[in-house]
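Chemist: So here's target_5.csv, just CSV, C-alpha atoms:
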chain,number,residue,atom,x,y,z
J,984,MET,CA,-9.1,-14.6,-30.7
J,985,SER,CA,-10.5,-16.0,-27.5
J,986,PRO,CA,-13.7,-14.2,-26.2
J,987,ARG,CA,-13.3,-11.6,-23.5
J,988,PRO,CA,-14.4,-13.0,-20.1
J,989,ALA,CA,-17.7,-11.8,-18.7
J,990,ARG,CA,-17.9,-8.7,-16.7
J,991,ARG,CA,-16.8,-9.3,-13.1
J,992,ARG,CA,-19.6,-8.7,-10.5
J,993,VAL,CA,-18.2,-6.3,-7.9
J,994,ALA,CA,-19.3,-5.4,-4.3
J,995,VAL,CA,-17.8,-2.5,-2.3
J,996,VAL,CA,-17.5,-2.7,1.5
J,997,GLY,CA,-17.4,0.8,3.0
J,998,THR,CA,-18.8,3.8,1.0
J,999,GLY,CA,-16.7,6.6,2.4
J,1000,ALA,CA,-14.3,9.0,0.7
J,1001,ILE,CA,-11.7,6.4,-0.6
J,1002,VAL,CA,-14.4,4.3,-2.2
J,1003,THR,CA,-16.4,7.2,-3.6
J,1004,GLY,CA,-13.4,9.2,-4.8
J,1005,GLY,CA,-11.0,6.3,-5.8
J,1006,HIS,CA,-12.7,3.0,-6.4
J,1007,LEU,CA,-16.0,4.2,-7.9
J,1008,PRO,CA,-14.2,6.1,-10.7
J,1009,ALA,CA,-12.0,3.1,-11.3
J,1010,LEU,CA,-15.0,0.8,-11.7
J,1011,ARG,CA,-16.5,3.3,-14.1
J,1012,ALA,CA,-13.3,3.4,-16.1
J,1013,HIS,CA,-13.4,-0.4,-16.4
J,1014,ALA,CA,-17.2,-0.6,-16.9
J,1015,ASP,CA,-16.6,-2.9,-19.9
J,1016,ARG,CA,-15.0,-5.4,-17.5
J,1017,THR,CA,-16.8,-4.9,-14.2
J,1018,GLU,CA,-20.4,-4.4,-12.9
J,1019,LEU,CA,-21.0,-2.9,-9.5
J,1020,VAL,CA,-23.8,-4.9,-8.0
J,1021,ALA,CA,-23.7,-4.3,-4.2
J,1022,ALA,CA,-22.4,-1.9,-1.5
J,1023,VAL,CA,-22.1,-2.5,2.3
J,1024,ASP,CA,-22.1,0.2,5.0
J,1025,VAL,CA,-23.2,0.4,8.6
J,1026,ASP,CA,-24.4,4.0,8.0
J,1027,PRO,CA,-27.7,3.9,6.2
J,1028,ALA,CA,-27.6,7.5,5.1
J,1029,ARG,CA,-24.0,7.2,3.7
J,1030,LEU,CA,-25.0,3.9,2.0
J,1031,ASP,CA,-28.0,5.5,0.3
J,1032,ALA,CA,-26.0,8.5,-0.8
J,1033,PHE,CA,-23.4,6.2,-2.4
J,1034,ARG,CA,-26.0,4.1,-4.2
J,1035,ALA,CA,-27.6,7.2,-5.6
J,1036,GLU,CA,-24.2,8.4,-6.8
J,1037,ALA,CA,-23.2,5.1,-8.2
J,1038,GLY,CA,-26.4,4.8,-10.2
J,1039,GLY,CA,-27.8,1.6,-11.7
J,1040,ASP,CA,-29.1,-1.3,-9.6
J,1041,VAL,CA,-26.7,-1.4,-6.7
J,1042,ALA,CA,-28.1,-3.4,-3.8
J,1043,GLY,CA,-27.4,-2.1,-0.3
J,1044,TYR,CA,-26.5,-4.2,2.8
J,1045,ALA,CA,-25.6,-3.4,6.4
J,1046,SER,CA,-23.3,-6.4,6.8
J,1047,VAL,CA,-20.6,-8.2,4.8
J,1048,GLY,CA,-22.0,-11.6,5.6
J,1049,ASP,CA,-25.5,-10.8,4.3
J,1050,MET,CA,-24.1,-9.3,1.2
J,1051,LEU,CA,-21.9,-12.3,0.4
J,1052,ASP,CA,-24.7,-14.8,1.0
J,1053,ALA,CA,-27.1,-12.9,-1.2
J,1054,VAL,CA,-24.9,-11.6,-4.0
J,1055,ARG,CA,-21.9,-14.0,-4.3
J,1056,PRO,CA,-19.7,-11.3,-6.0
J,1057,ASP,CA,-16.6,-12.1,-8.0
J,1058,LEU,CA,-14.6,-9.2,-6.6
J,1059,VAL,CA,-14.9,-7.5,-3.2
J,1060,VAL,CA,-13.4,-4.0,-2.8
J,1061,ILE,CA,-12.7,-3.1,0.8
J,1062,GLY,CA,-12.4,0.5,1.9
J,1063,THR,CA,-13.2,0.3,5.6
J,1064,PRO,CA,-11.0,1.3,8.5
J,1065,PRO,CA,-7.9,-0.9,8.8
J,1066,SER,CA,-9.0,-2.9,11.9
J,1067,LEU,CA,-11.8,-4.5,9.8
J,1068,HIS,CA,-9.7,-5.5,6.8
J,1069,ARG,CA,-8.6,-9.0,8.0
J,1070,GLU,CA,-12.0,-10.2,9.0
J,1071,GLN,CA,-13.7,-8.8,5.9
J,1072,ALA,CA,-11.0,-10.1,3.5
J,1073,VAL,CA,-11.1,-13.6,5.0
J,1074,ALA,CA,-14.9,-13.6,4.7
J,1075,ALA,CA,-14.8,-12.6,1.1
J,1076,LEU,CA,-12.1,-15.1,0.2
J,1077,LYS,CA,-14.0,-17.9,1.9
J,1078,ALA,CA,-17.0,-17.0,-0.3
J,1079,GLY,CA,-14.8,-17.5,-3.3
J,1080,ALA,CA,-14.4,-13.8,-4.2
J,1081,TRP,CA,-11.2,-12.0,-5.1
J,1082,VAL,CA,-10.3,-9.1,-2.8
J,1083,LEU,CA,-8.9,-5.6,-3.5
J,1084,CYS,CA,-8.3,-4.0,-0.1
J,1085,GLU,CA,-7.1,-0.6,0.9
J,1086,LYS,CA,-3.8,-0.4,2.7
J,1087,PRO,CA,-2.8,-1.7,5.0
J,1088,LEU,CA,-4.1,-5.2,4.1
J,1089,CYS,CA,-4.1,-6.0,7.8
J,1090,LEU,CA,-2.6,-4.9,11.1
J,1091,SER,CA,0.1,-7.6,11.6
J,1092,LEU,CA,2.0,-10.5,10.1
J,1093,ALA,CA,-0.2,-12.8,12.1
J,1094,GLU,CA,-3.3,-11.4,10.5
J,1095,TYR,CA,-1.6,-11.7,7.1
J,1096,ASP,CA,-1.2,-15.4,7.8
J,1097,ASP,CA,-4.9,-15.7,8.3
J,1098,ILE,CA,-5.5,-14.1,4.9
J,1099,ALA,CA,-2.9,-16.3,3.2
J,1100,ALA,CA,-4.6,-19.4,4.7
J,1101,ALA,CA,-8.0,-18.2,3.3
J,1102,GLU,CA,-6.4,-17.7,-0.1
J,1103,GLU,CA,-4.9,-21.2,0.0
J,1104,ALA,CA,-8.2,-22.8,1.0
J,1105,SER,CA,-10.4,-20.9,-1.5
J,1106,GLY,CA,-8.2,-20.4,-4.6
J,1107,ALA,CA,-9.1,-16.7,-4.6
J,1108,TYR,CA,-6.6,-13.9,-4.0
J,1109,ALA,CA,-6.4,-10.7,-1.9
J,1110,SER,CA,-4.5,-7.7,-3.3
J,1111,VAL,CA,-3.6,-4.6,-1.3
J,1112,VAL,CA,-4.1,-1.2,-2.8
J,1113,PHE,CA,-0.6,0.4,-3.5
J,1114,GLN,CA,-1.6,2.5,-6.5
J,1115,HIS,CA,1.8,4.2,-6.7
J,1116,ARG,CA,3.3,1.0,-8.2
J,1117,TYR,CA,0.9,1.4,-11.1
J,1118,GLY,CA,0.9,3.8,-14.0
J,1119,SER,CA,3.4,4.3,-16.8
J,1120,GLY,CA,6.1,6.3,-14.9
J,1121,ALA,CA,6.6,3.6,-12.2
J,1122,ALA,CA,6.5,0.7,-14.7
J,1123,HIS,CA,9.1,2.5,-16.9
J,1124,ALA,CA,11.4,3.2,-13.9
J,1125,ARG,CA,11.2,-0.4,-12.6
J,1126,ASP,CA,12.0,-1.8,-16.1
J,1127,LEU,CA,15.1,0.4,-16.4
J,1128,ILE,CA,16.3,-0.4,-12.9
J,1129,THR,CA,15.6,-4.2,-12.9
J,1130,SER,CA,17.1,-4.6,-16.4
J,1131,GLY,CA,20.3,-3.0,-15.3
J,1132,GLU,CA,20.0,-0.3,-17.9
J,1133,LEU,CA,20.8,2.4,-15.3
J,1134,GLY,CA,23.6,0.4,-13.8
J,1135,ALA,CA,23.7,-1.1,-10.3
J,1136,PRO,CA,21.5,0.5,-7.7
J,1137,LEU,CA,23.7,2.1,-5.0
J,1138,VAL,CA,21.9,4.7,-2.9
J,1139,ALA,CA,18.2,5.5,-2.4
J,1140,HIS,CA,16.1,7.9,-0.5
J,1141,CYS,CA,12.4,7.5,0.3
J,1142,GLN,CA,10.6,10.4,1.9
J,1143,THR,CA,7.0,10.8,3.0
J,1144,THR,CA,7.0,14.1,4.9
J,1145,TRP,CA,3.4,15.1,5.4
J,1146,HIS,CA,1.5,17.2,8.0
J,1147,ARG,CA,-1.4,16.2,10.1
J,1148,ASP,CA,-2.8,18.5,12.9
J,1149,ALA,CA,-4.4,17.8,16.2
J,1150,ALA,CA,-7.9,17.8,14.7
J,1151,TYR,CA,-6.9,14.9,12.5
J,1152,TYR,CA,-5.9,12.9,15.5
J,1153,ALA,CA,-9.0,13.9,17.4
J,1154,VAL,CA,-10.8,11.2,15.4
J,1155,PRO,CA,-11.0,8.4,18.0
J,1156,TRP,CA,-9.6,5.5,15.8
J,1157,ARG,CA,-6.5,7.5,14.6
J,1158,GLY,CA,-3.1,7.0,16.2
J,1159,ARG,CA,-4.1,3.7,17.9
J,1160,TRP,CA,-2.5,0.3,17.3
J,1161,SER,CA,-5.8,-1.6,17.5
J,1162,THR,CA,-7.5,0.5,14.8
J,1163,GLU,CA,-4.7,1.7,12.5
J,1164,GLY,CA,-1.8,-0.7,13.2
J,1165,GLY,CA,0.6,2.2,13.7
J,1166,GLY,CA,1.3,5.8,12.9
J,1167,PRO,CA,2.8,7.2,9.6
J,1168,THR,CA,4.9,4.1,9.2
J,1169,MET,CA,1.7,2.1,8.5
J,1170,GLY,CA,-0.8,4.8,7.5
J,1171,HIS,CA,1.1,7.3,5.4
J,1172,GLY,CA,4.7,6.4,4.3
J,1173,ILE,CA,3.7,2.8,3.4
J,1174,HIS,CA,2.8,3.9,-0.1
J,1175,GLN,CA,6.2,5.4,-0.8
J,1176,TYR,CA,8.4,2.6,0.7
J,1177,ASP,CA,6.2,0.0,-1.0
J,1178,LEU,CA,7.2,1.7,-4.3
J,1179,LEU,CA,10.8,1.7,-3.2
J,1180,LEU,CA,10.6,-2.1,-2.5
J,1181,HIS,CA,8.9,-2.5,-5.9
J,1182,LEU,CA,11.8,-0.7,-7.6
J,1183,LEU,CA,14.8,-2.2,-5.7
J,1184,GLY,CA,13.6,-5.7,-4.8
J,1185,PRO,CA,14.0,-7.6,-1.5
J,1186,TRP,CA,15.4,-5.8,1.5
J,1187,ALA,CA,17.9,-7.6,3.8
J,1188,GLU,CA,18.3,-5.5,7.0
J,1189,VAL,CA,16.6,-2.5,8.7
J,1190,ARG,CA,17.9,-0.2,11.5
J,1191,ALA,CA,15.4,2.4,12.7
J,1192,MET,CA,14.2,5.1,15.1
J,1193,ALA,CA,10.7,6.3,15.9
J,1194,SER,CA,9.3,8.9,18.2
J,1195,ARG,CA,6.2,10.8,19.4
J,1196,LEU,CA,7.4,14.4,19.0
J,1197,VAL,CA,4.1,16.4,18.7
J,1198,HIS,CA,0.9,14.3,18.9
J,1199,ASP,CA,-0.6,12.6,21.8
J,1200,THR,CA,-1.0,9.2,20.2
J,1201,GLU,CA,-0.3,5.5,21.1
J,1202,SER,CA,1.8,5.1,17.9
J,1203,GLU,CA,4.6,7.2,16.5
J,1204,ASP,CA,4.3,10.5,14.6
J,1205,VAL,CA,7.7,10.1,12.9
J,1206,SER,CA,10.0,7.3,12.0
J,1207,THR,CA,13.3,7.0,10.2
J,1208,ALA,CA,15.1,3.9,8.9
J,1209,LEU,CA,18.4,2.8,7.3
J,1210,VAL,CA,17.9,-0.1,4.9
J,1211,ARG,CA,20.2,-2.5,3.2
J,1212,PHE,CA,18.8,-4.3,0.2
J,1213,GLU,CA,19.8,-7.8,-1.1
J,1214,ASN,CA,21.5,-6.2,-4.1
J,1215,GLY,CA,23.7,-4.2,-1.8
J,1216,ALA,CA,22.0,-0.8,-2.2
J,1217,LEU,CA,21.6,1.4,0.9
J,1218,ALA,CA,18.5,3.5,1.5
J,1219,THR,CA,17.0,6.0,4.0
J,1220,VAL,CA,13.3,6.0,4.7
J,1221,VAL,CA,11.5,8.9,6.5
J,1222,ASN,CA,7.8,8.7,7.5
J,1223,SER,CA,6.5,12.0,9.0
J,1224,VAL,CA,3.2,13.7,9.8
J,1225,LEU,CA,5.1,16.7,11.2
J,1226,SER,CA,6.3,18.4,8.1
J,1227,PRO,CA,4.8,21.8,7.0
J,1228,ASP,CA,6.2,21.5,3.5
J,1229,GLU,CA,4.6,18.3,2.3
J,1230,VAL,CA,6.2,16.1,-0.3
J,1231,SER,CA,6.5,12.5,-1.3
J,1232,ARG,CA,9.8,11.5,-2.9
J,1233,VAL,CA,11.7,8.4,-4.1
J,1234,ARG,CA,15.2,8.8,-5.4
J,1235,VAL,CA,17.5,5.9,-6.6
J,1236,ASP,CA,21.1,6.6,-7.5
J,1237,CYS,CA,22.4,3.9,-9.8
J,1238,ALA,CA,25.9,3.6,-11.3
J,1239,ASP,CA,24.8,5.3,-14.5
J,1240,ALA,CA,21.9,7.5,-13.6
J,1241,THR,CA,19.7,9.0,-10.9
J,1242,VAL,CA,16.0,8.4,-11.2
J,1243,GLU,CA,13.8,10.6,-9.0
J,1244,LEU,CA,10.0,10.8,-8.4
J,1245,THR,CA,8.6,13.9,-6.6
J,1246,HIS,CA,4.9,14.3,-6.0
J,1247,LEU,CA,2.4,14.3,-3.2
J,1248,TYR,CA,-0.6,11.9,-3.5
J,1249,GLY,CA,-0.1,10.7,-7.1
J,1250,HIS,CA,2.2,10.9,-10.1
J,1251,ARG,CA,2.4,11.1,-13.9
J,1252,ASN,CA,5.3,10.7,-16.3
J,1253,THR,CA,6.3,14.4,-15.8
J,1254,ASP,CA,6.9,13.8,-12.1
J,1255,TRP,CA,9.8,11.4,-12.9
J,1256,THR,CA,13.3,12.7,-13.8
J,1257,TYR,CA,16.4,10.9,-15.1
J,1258,THR,CA,19.9,12.4,-14.6
J,1259,PRO,CA,22.6,10.5,-16.4
J,1260,ALA,CA,26.1,10.2,-15.0
J,1261,ARG,CA,28.8,12.2,-16.7
J,1262,HIS,CA,30.2,9.2,-18.5
J,1263,VAL,CA,26.9,8.2,-20.1
J,1264,ASP,CA,26.6,8.7,-23.8
J,1265,PRO,CA,23.7,11.2,-24.6
J,1266,ALA,CA,22.2,8.9,-27.1
J,1267,ARG,CA,21.9,6.2,-24.4
J,1268,ALA,CA,20.4,8.6,-21.9
J,1269,ALA,CA,17.8,9.8,-24.5
J,1270,ALA,CA,16.3,6.3,-24.5
J,1271,TRP,CA,15.5,6.7,-20.9
J,1272,ARG,CA,12.8,9.3,-21.5
J,1273,THR,CA,9.5,8.4,-20.1
J,1274,PRO,CA,7.1,6.5,-22.4
J,1275,ALA,CA,4.7,8.3,-24.7
J,1276,ALA,CA,1.7,6.8,-22.9
J,1277,ASP,CA,1.0,8.8,-19.7
J,1278,VAL,CA,-1.0,6.6,-17.3
J,1279,PRO,CA,-1.3,8.2,-13.9
J,1280,SER,CA,-0.8,6.2,-10.7
J,1281,SER,CA,-4.3,5.5,-9.6
J,1282,HIS,CA,-6.9,3.0,-8.4
J,1283,THR,CA,-7.9,2.8,-12.1
J,1284,ALA,CA,-4.5,1.6,-13.1
J,1285,GLN,CA,-4.3,-1.0,-10.3
J,1286,LEU,CA,-7.8,-2.3,-10.9
J,1287,GLY,CA,-6.8,-2.8,-14.6
J,1288,ALA,CA,-3.7,-4.8,-13.5
J,1289,VAL,CA,-5.8,-7.0,-11.2
J,1290,LEU,CA,-8.4,-7.6,-14.0
J,1291,ASP,CA,-5.6,-8.4,-16.5
J,1292,ALA,CA,-4.2,-11.0,-14.1
J,1293,TRP,CA,-7.6,-12.5,-13.6
J,1294,ASP,CA,-8.2,-12.8,-17.3
J,1295,ALA,CA,-4.8,-14.5,-17.7
J,1296,GLY,CA,-5.4,-16.9,-14.9
J,1297,GLU,CA,-2.5,-15.5,-12.8
J,1298,ARG,CA,-2.0,-14.3,-9.2
J,1299,PRO,CA,-2.7,-10.6,-9.2
J,1300,PRO,CA,0.0,-8.0,-8.4
J,1301,GLY,CA,0.0,-6.7,-4.9
J,1302,SER,CA,-0.9,-10.1,-3.4
J,1303,GLY,CA,1.0,-13.0,-1.8
J,1304,ARG,CA,4.7,-12.3,-1.4
J,1305,ASP,CA,4.3,-8.7,-2.7
J,1306,ALA,CA,1.8,-7.9,0.0
J,1307,ARG,CA,3.7,-9.7,2.8
J,1308,ALA,CA,7.0,-8.1,2.0
J,1309,THR,CA,5.8,-4.6,2.5
J,1310,LEU,CA,4.0,-5.6,5.8
J,1311,GLU,CA,7.1,-7.4,7.0
J,1312,PHE,CA,9.2,-4.2,6.2
J,1313,ALA,CA,6.8,-2.2,8.5
J,1314,ALA,CA,7.1,-4.8,11.3
J,1315,ALA,CA,10.9,-4.8,10.9
J,1316,LEU,CA,11.0,-1.0,11.1
J,1317,TYR,CA,9.0,-1.0,14.3
J,1318,LYS,CA,11.0,-3.8,15.8
J,1319,ALA,CA,14.3,-2.1,15.0
J,1320,ALA,CA,13.1,1.2,16.3
J,1321,PHE,CA,11.6,-0.1,19.5
J,1322,THR,CA,14.4,-2.6,20.4
J,1323,GLY,CA,17.3,-0.5,19.2
J,1324,ARG,CA,18.9,-3.3,17.2
J,1325,PRO,CA,19.0,-4.3,13.5
J,1326,VAL,CA,16.3,-6.6,12.1
J,1327,ARG,CA,17.0,-8.9,9.2
J,1328,ALA,CA,14.5,-10.1,6.7
J,1329,GLY,CA,12.7,-13.3,7.6
J,1330,GLU,CA,13.4,-13.1,11.4
J,1331,ILE,CA,9.9,-12.1,12.5
J,1332,GLY,CA,7.8,-15.2,12.7
J,1333,PRO,CA,5.3,-16.9,14.9
J,1334,GLY,CA,6.3,-16.4,18.5
J,1335,ASP,CA,8.0,-13.1,17.9
J,1336,PRO,CA,6.0,-10.3,19.6
J,1337,PHE,CA,6.3,-8.2,16.5
J,1338,HIS,CA,4.6,-10.9,14.5
J,1339,ALA,CA,1.5,-10.5,16.6
J,1340,ALA,CA,1.4,-6.7,16.7
J,1341,MET,CA,3.4,-3.9,15.3
J,1342,HIS,CA,4.1,-2.5,18.8
J,1343,GLY,CA,5.5,-5.9,19.8
J,1344,GLY,CA,4.2,-5.4,23.3
J,1345,HIS,CA,7.1,-3.0,24.0
J,1346,PRO,CA,6.5,-1.4,27.4
J,1347,ASP,CA,7.0,2.2,26.0
J,1348,TRP,CA,4.8,1.6,23.0
J,1349,ALA,CA,2.1,-1.0,23.8
J,1350,PRO,CA,-1.4,0.3,24.4
J,1351,LYS,CA,-2.1,1.2,28.0
J,1352,GLU,CA,-5.2,0.0,29.7
J,1353,ARG,CA,-7.9,2.7,29.7
J,1354,ALA,CA,-9.8,3.5,32.9
Before we go any further, please render this structure as structure tokens.
Modeler:
Amino acid sequence: MSPRPARRRVAVVGTGAIVTGGHLPALRAHADRTELVAAVDVDPARLDAFRAEAGGDVAGYASVGDMLDAVRPDLVVIGTPPSLHREQAVAALKAGAWVLCEKPLCLSLAEYDDIAAAEEASGAYASVVFQHRYGSGAAHARDLITSGELGAPLVAHCQTTWHRDAAYYAVPWRGRWSTEGGGPTMGHGIHQYDLLLHLLGPWAEVRAMASRLVHDTESEDVSTALVRFENGALATVVNSVLSPDEVSRVRVDCADATVELTHLYGHRNTDWTYTPARHVDPARAAAWRTPAADVPSSHTAQLGAVLDAWDAGERPPGSGRDARATLEFAAALYKAAFTGRPVRAGEIGPGDPFHAAMHGGHPDWAPKERA
């Protein structure tokens, strides 16, 4: 057997709730494969609190550049506000580090092109955190759908109906294009429709609507979409922060079965159900039961997948075409909603206003100059 590679030296950028609550436990779970060596935060008190919680000899820095120069980490985990992701990811890639970045990876397809160019130049990779793809339930469902075991996918529903109040949007950077890249389409529902794309494959066409119904924001507080996939399946996608009864749901009706996931912020095997069509033999349907191993969707599961790819010398999941496809879907949804016409996969490129920004400079949606 070949020896296990040395532990990867990891730095975290941002030490807020997502890093402390999601990434730090993931690094601890993979302590045999990773070593946390540095943390970056502009808030000295928050940085000190994180370093104390992390334990060990974790160096602290106020800037990404200083950390990269001093530490030269193997992997940089980014958990800062979205407007910082592109700059920090590119800096880490140029330093030769792999990147695992919270969603969204960046705020536009133009920014993604910068990250892709940095990948190409450095040979390192940037993965975006979409933890709902990972875990045993999602892997099992994808295997059954893509293998054809459930029959041809026909109809799908993707629902992120959450609730956020006025106090949530009182935080200055929320609900603004320049800091979040959009509303629930970019910041909330993106997890669910990324999983939908993971299950059904490439999309072909999007028609959509978006509105500000409650909140005083630059971006939308609800969006809906109709989607045609390359395999012919049709889907609905709803992204809302206006819904008192909160739920996250993905349902795919195939010719021989319906597979459905219902959860809120994470799932286990028991959150997935399979309903066979009437013509399906019970013995065949019995084989669809979720696997014995129950791996929750989590940062821990995704970090393990990234490390596995690294050990195998492969591009990690959630990077490259995977990352771009989900971002392109968001841009297409916005373009379809704001222009009132269907958008086809591949049409948003350099020169298209929706390539540069998710609002596309639309007069009803672009940021207004502030006095």
Chemist: Hey, which of J:Val1242, J:Leu1286, J:Leu1090, J:Leu1051 ends up closest to Phe1337 in chain J? Count only C-alpha atoms.
Modeler: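 Going through J:Val1242, J:Leu1286, J:Leu1090, J:Leu1051 one by one, the smallest distance to Phe1337 in chain J is for J:Leu1090.
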Chemist: Quick check, in Å to one decimal: how far apart do CA of Arg991 in chain J and CA of Thr1017 in chain J lie?
Modeler: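 Calculated distance between CA of Arg991 in chain J and CA of Thr1017 in chain J is 4.5 Å.
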Chemist: If we count all atoms listed in the file, what is near range 1123-1127 of chain J at a cut-off of 7 Å, once residues fewer than 4 positions away on the same chain are taken out, given as a list of chain:residue names?
Modeler: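 Counting only the stated atoms, we get J:Ser1119, J:Gly1131, J:Glu1132, J:Leu1133, J:Leu1182, J:Thr1273.
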Chemist: Using the file's own x, y and z axes, so that the box edges lie along x, y and z, what centre and edge lengths in Å (one decimal) does a box around every listed atom of range 1066-1082 of chain J get when 4 Å is added on each side? Give it as lines of an AutoDock Vina configuration file.
Modeler:
center_x = -12.8
center_y = -10.4
center_z = 3.4
size_x = 16.4
size_y = 23.0
size_z = 25.0
Chemist: Find the distance between CA of Ala1315 in chain J and CA of Trp1081 in chain J and write it in Å to one decimal.
Modeler: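 Calculated distance between CA of Ala1315 in chain J and CA of Trp1081 in chain J is 28.2 Å.
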Chemist: Give me the residues within 8 Å of Val1059 in chain J as a ChimeraX atom specification, counting only C-alpha atoms and dropping any in the same chain fewer than 2 places off.
Modeler: /J:993-996,1056-1057,1061,1075,1080-1083
Chemist: State, in Å with one decimal place, the distance from CA of Gly1118 in chain J to CA of Tyr1176 in chain J.
Modeler: 16.5 Å
Chemist: I'd like to know which of J:Ala1288, J:Ala1270, J:Arg1304, J:Pro1185 is closest to Ala1328 in chain J, using all atoms listed in the file.
Modeler: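 Smallest separation from Ala1328 in chain J among the options: J:Pro1185.
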Chemist: Find the residue from J:Leu1076, J:Ala1149, J:Leu1092, J:Cys1084 that sits nearest to Ala1107 in chain J; use all atoms listed in the file when measuring.
Modeler: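 Closest residue, counting all atoms listed in the file: J:Leu1076.
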Chemist: Within 12 Å of (14.8, 10.2, -9.8) (file coordinates; all atoms listed in the file), which protein or nucleic acid residues are there? I'd like them as a PyMOL selection string.
Modeler: chain J and resi 1120-1121+1123-1125+1127-1128+1133+1136+1138-1141+1179+1182+1232-1237+1240-1246+1252-1259+1271-1273
Chemist: Neighbouring residues of Arg1011 in chain J were defined as those with any atom within 12 Å, considering all atoms listed in the file; residues of the same chain fewer than 3 positions away were excluded. Please report them as a ChimeraX atom specification.
Modeler: /J:993,1003-1008,1014-1019,1036-1039,1282-1283,1286-1287
Chemist: Which polymer residues have any atom within 10 Å of an atom of Asp1031 in chain J, counting all atoms listed in the file, with same-chain residues fewer than 6 positions away left out, as a PDB file with C-alpha atoms, keeping the file's coordinate frame?
Modeler:
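Saved result, result.pdb, follows:
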ATOM      1  CA  THR J 998     -18.800   3.800   1.000  1.00  0.00           C
ATOM      2  CA  ALA J1022     -22.400  -1.900  -1.500  1.00  0.00           C
ATOM      3  CA  ASP J1024     -22.100   0.200   5.000  1.00  0.00           C
ATOM      4  CA  ALA J1037     -23.200   5.100  -8.200  1.00  0.00           C
ATOM      5  CA  VAL J1041     -26.700  -1.400  -6.700  1.00  0.00           C
ATOM      6  CA  ALA J1042     -28.100  -3.400  -3.800  1.00  0.00           C
ATOM      7  CA  GLY J1043     -27.400  -2.100  -0.300  1.00  0.00           C
TER       8      GLY J1043
END
Chemist: Could you check which of J:Val1112, J:Val1224, J:Val1020, J:Ala1045 is closest to Gly1301 in chain J, using only C-alpha atoms?
Modeler: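 Smallest separation from Gly1301 in chain J among the options: J:Val1112.
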Chemist: Could you give me, as a short mmCIF file (atom, residue, chain, number, x, y, z; two decimals) with C-alpha atoms, in the coordinates of the input, the residues that sit within 10 Å of (11.4, -0.7, 13.8) in the file's coordinates, counting only C-alpha atoms?
Modeler:
data_model
loop_
_atom_site.label_atom_id
_atom_site.label_comp_id
_atom_site.auth_asym_id
_atom_site.auth_seq_id
_atom_site.Cartn_x
_atom_site.Cartn_y
_atom_site.Cartn_z
CA THR J 1168 4.90 4.10 9.20
CA VAL J 1189 16.60 -2.50 8.70
CA ARG J 1190 17.90 -0.20 11.50
CA ALA J 1191 15.40 2.40 12.70
CA MET J 1192 14.20 5.10 15.10
CA ALA J 1193 10.70 6.30 15.90
CA SER J 1206 10.00 7.30 12.00
CA THR J 1207 13.30 7.00 10.20
CA ALA J 1208 15.10 3.90 8.90
CA PHE J 1312 9.20 -4.20 6.20
CA ALA J 1313 6.80 -2.20 8.50
CA ALA J 1314 7.10 -4.80 11.30
CA ALA J 1315 10.90 -4.80 10.90
CA LEU J 1316 11.00 -1.00 11.10
CA TYR J 1317 9.00 -1.00 14.30
CA LYS J 1318 11.00 -3.80 15.80
CA ALA J 1319 14.30 -2.10 15.00
CA ALA J 1320 13.10 1.20 16.30
CA PHE J 1321 11.60 -0.10 19.50
CA THR J 1322 14.40 -2.60 20.40
CA GLY J 1323 17.30 -0.50 19.20
CA ARG J 1324 18.90 -3.30 17.20
CA PRO J 1325 19.00 -4.30 13.50
CA VAL J 1326 16.30 -6.60 12.10
CA PHE J 1337 6.30 -8.20 16.50
CA MET J 1341 3.40 -3.90 15.30
CA HIS J 1342 4.10 -2.50 18.80
CA GLY J 1343 5.50 -5.90 19.80
#
Chemist: Please determine, counting all atoms listed in the file, which residue among J:Ser1105, J:Thr1129, J:Ser1302, J:Ser1066 has the shortest atom-to-atom distance to Glu1163 in chain J.
Modeler: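 Of J:Ser1105, J:Thr1129, J:Ser1302, J:Ser1066, the one nearest Glu1163 in chain J is J:Ser1066, counting all atoms listed in the file.
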Chemist: Using all atoms listed in the file, find the one residue out of J:Thr1063, J:Ser1280, J:Asn1214, J:Ser1194 that sits nearest to His1174 in chain J.
Modeler: J:Ser1280
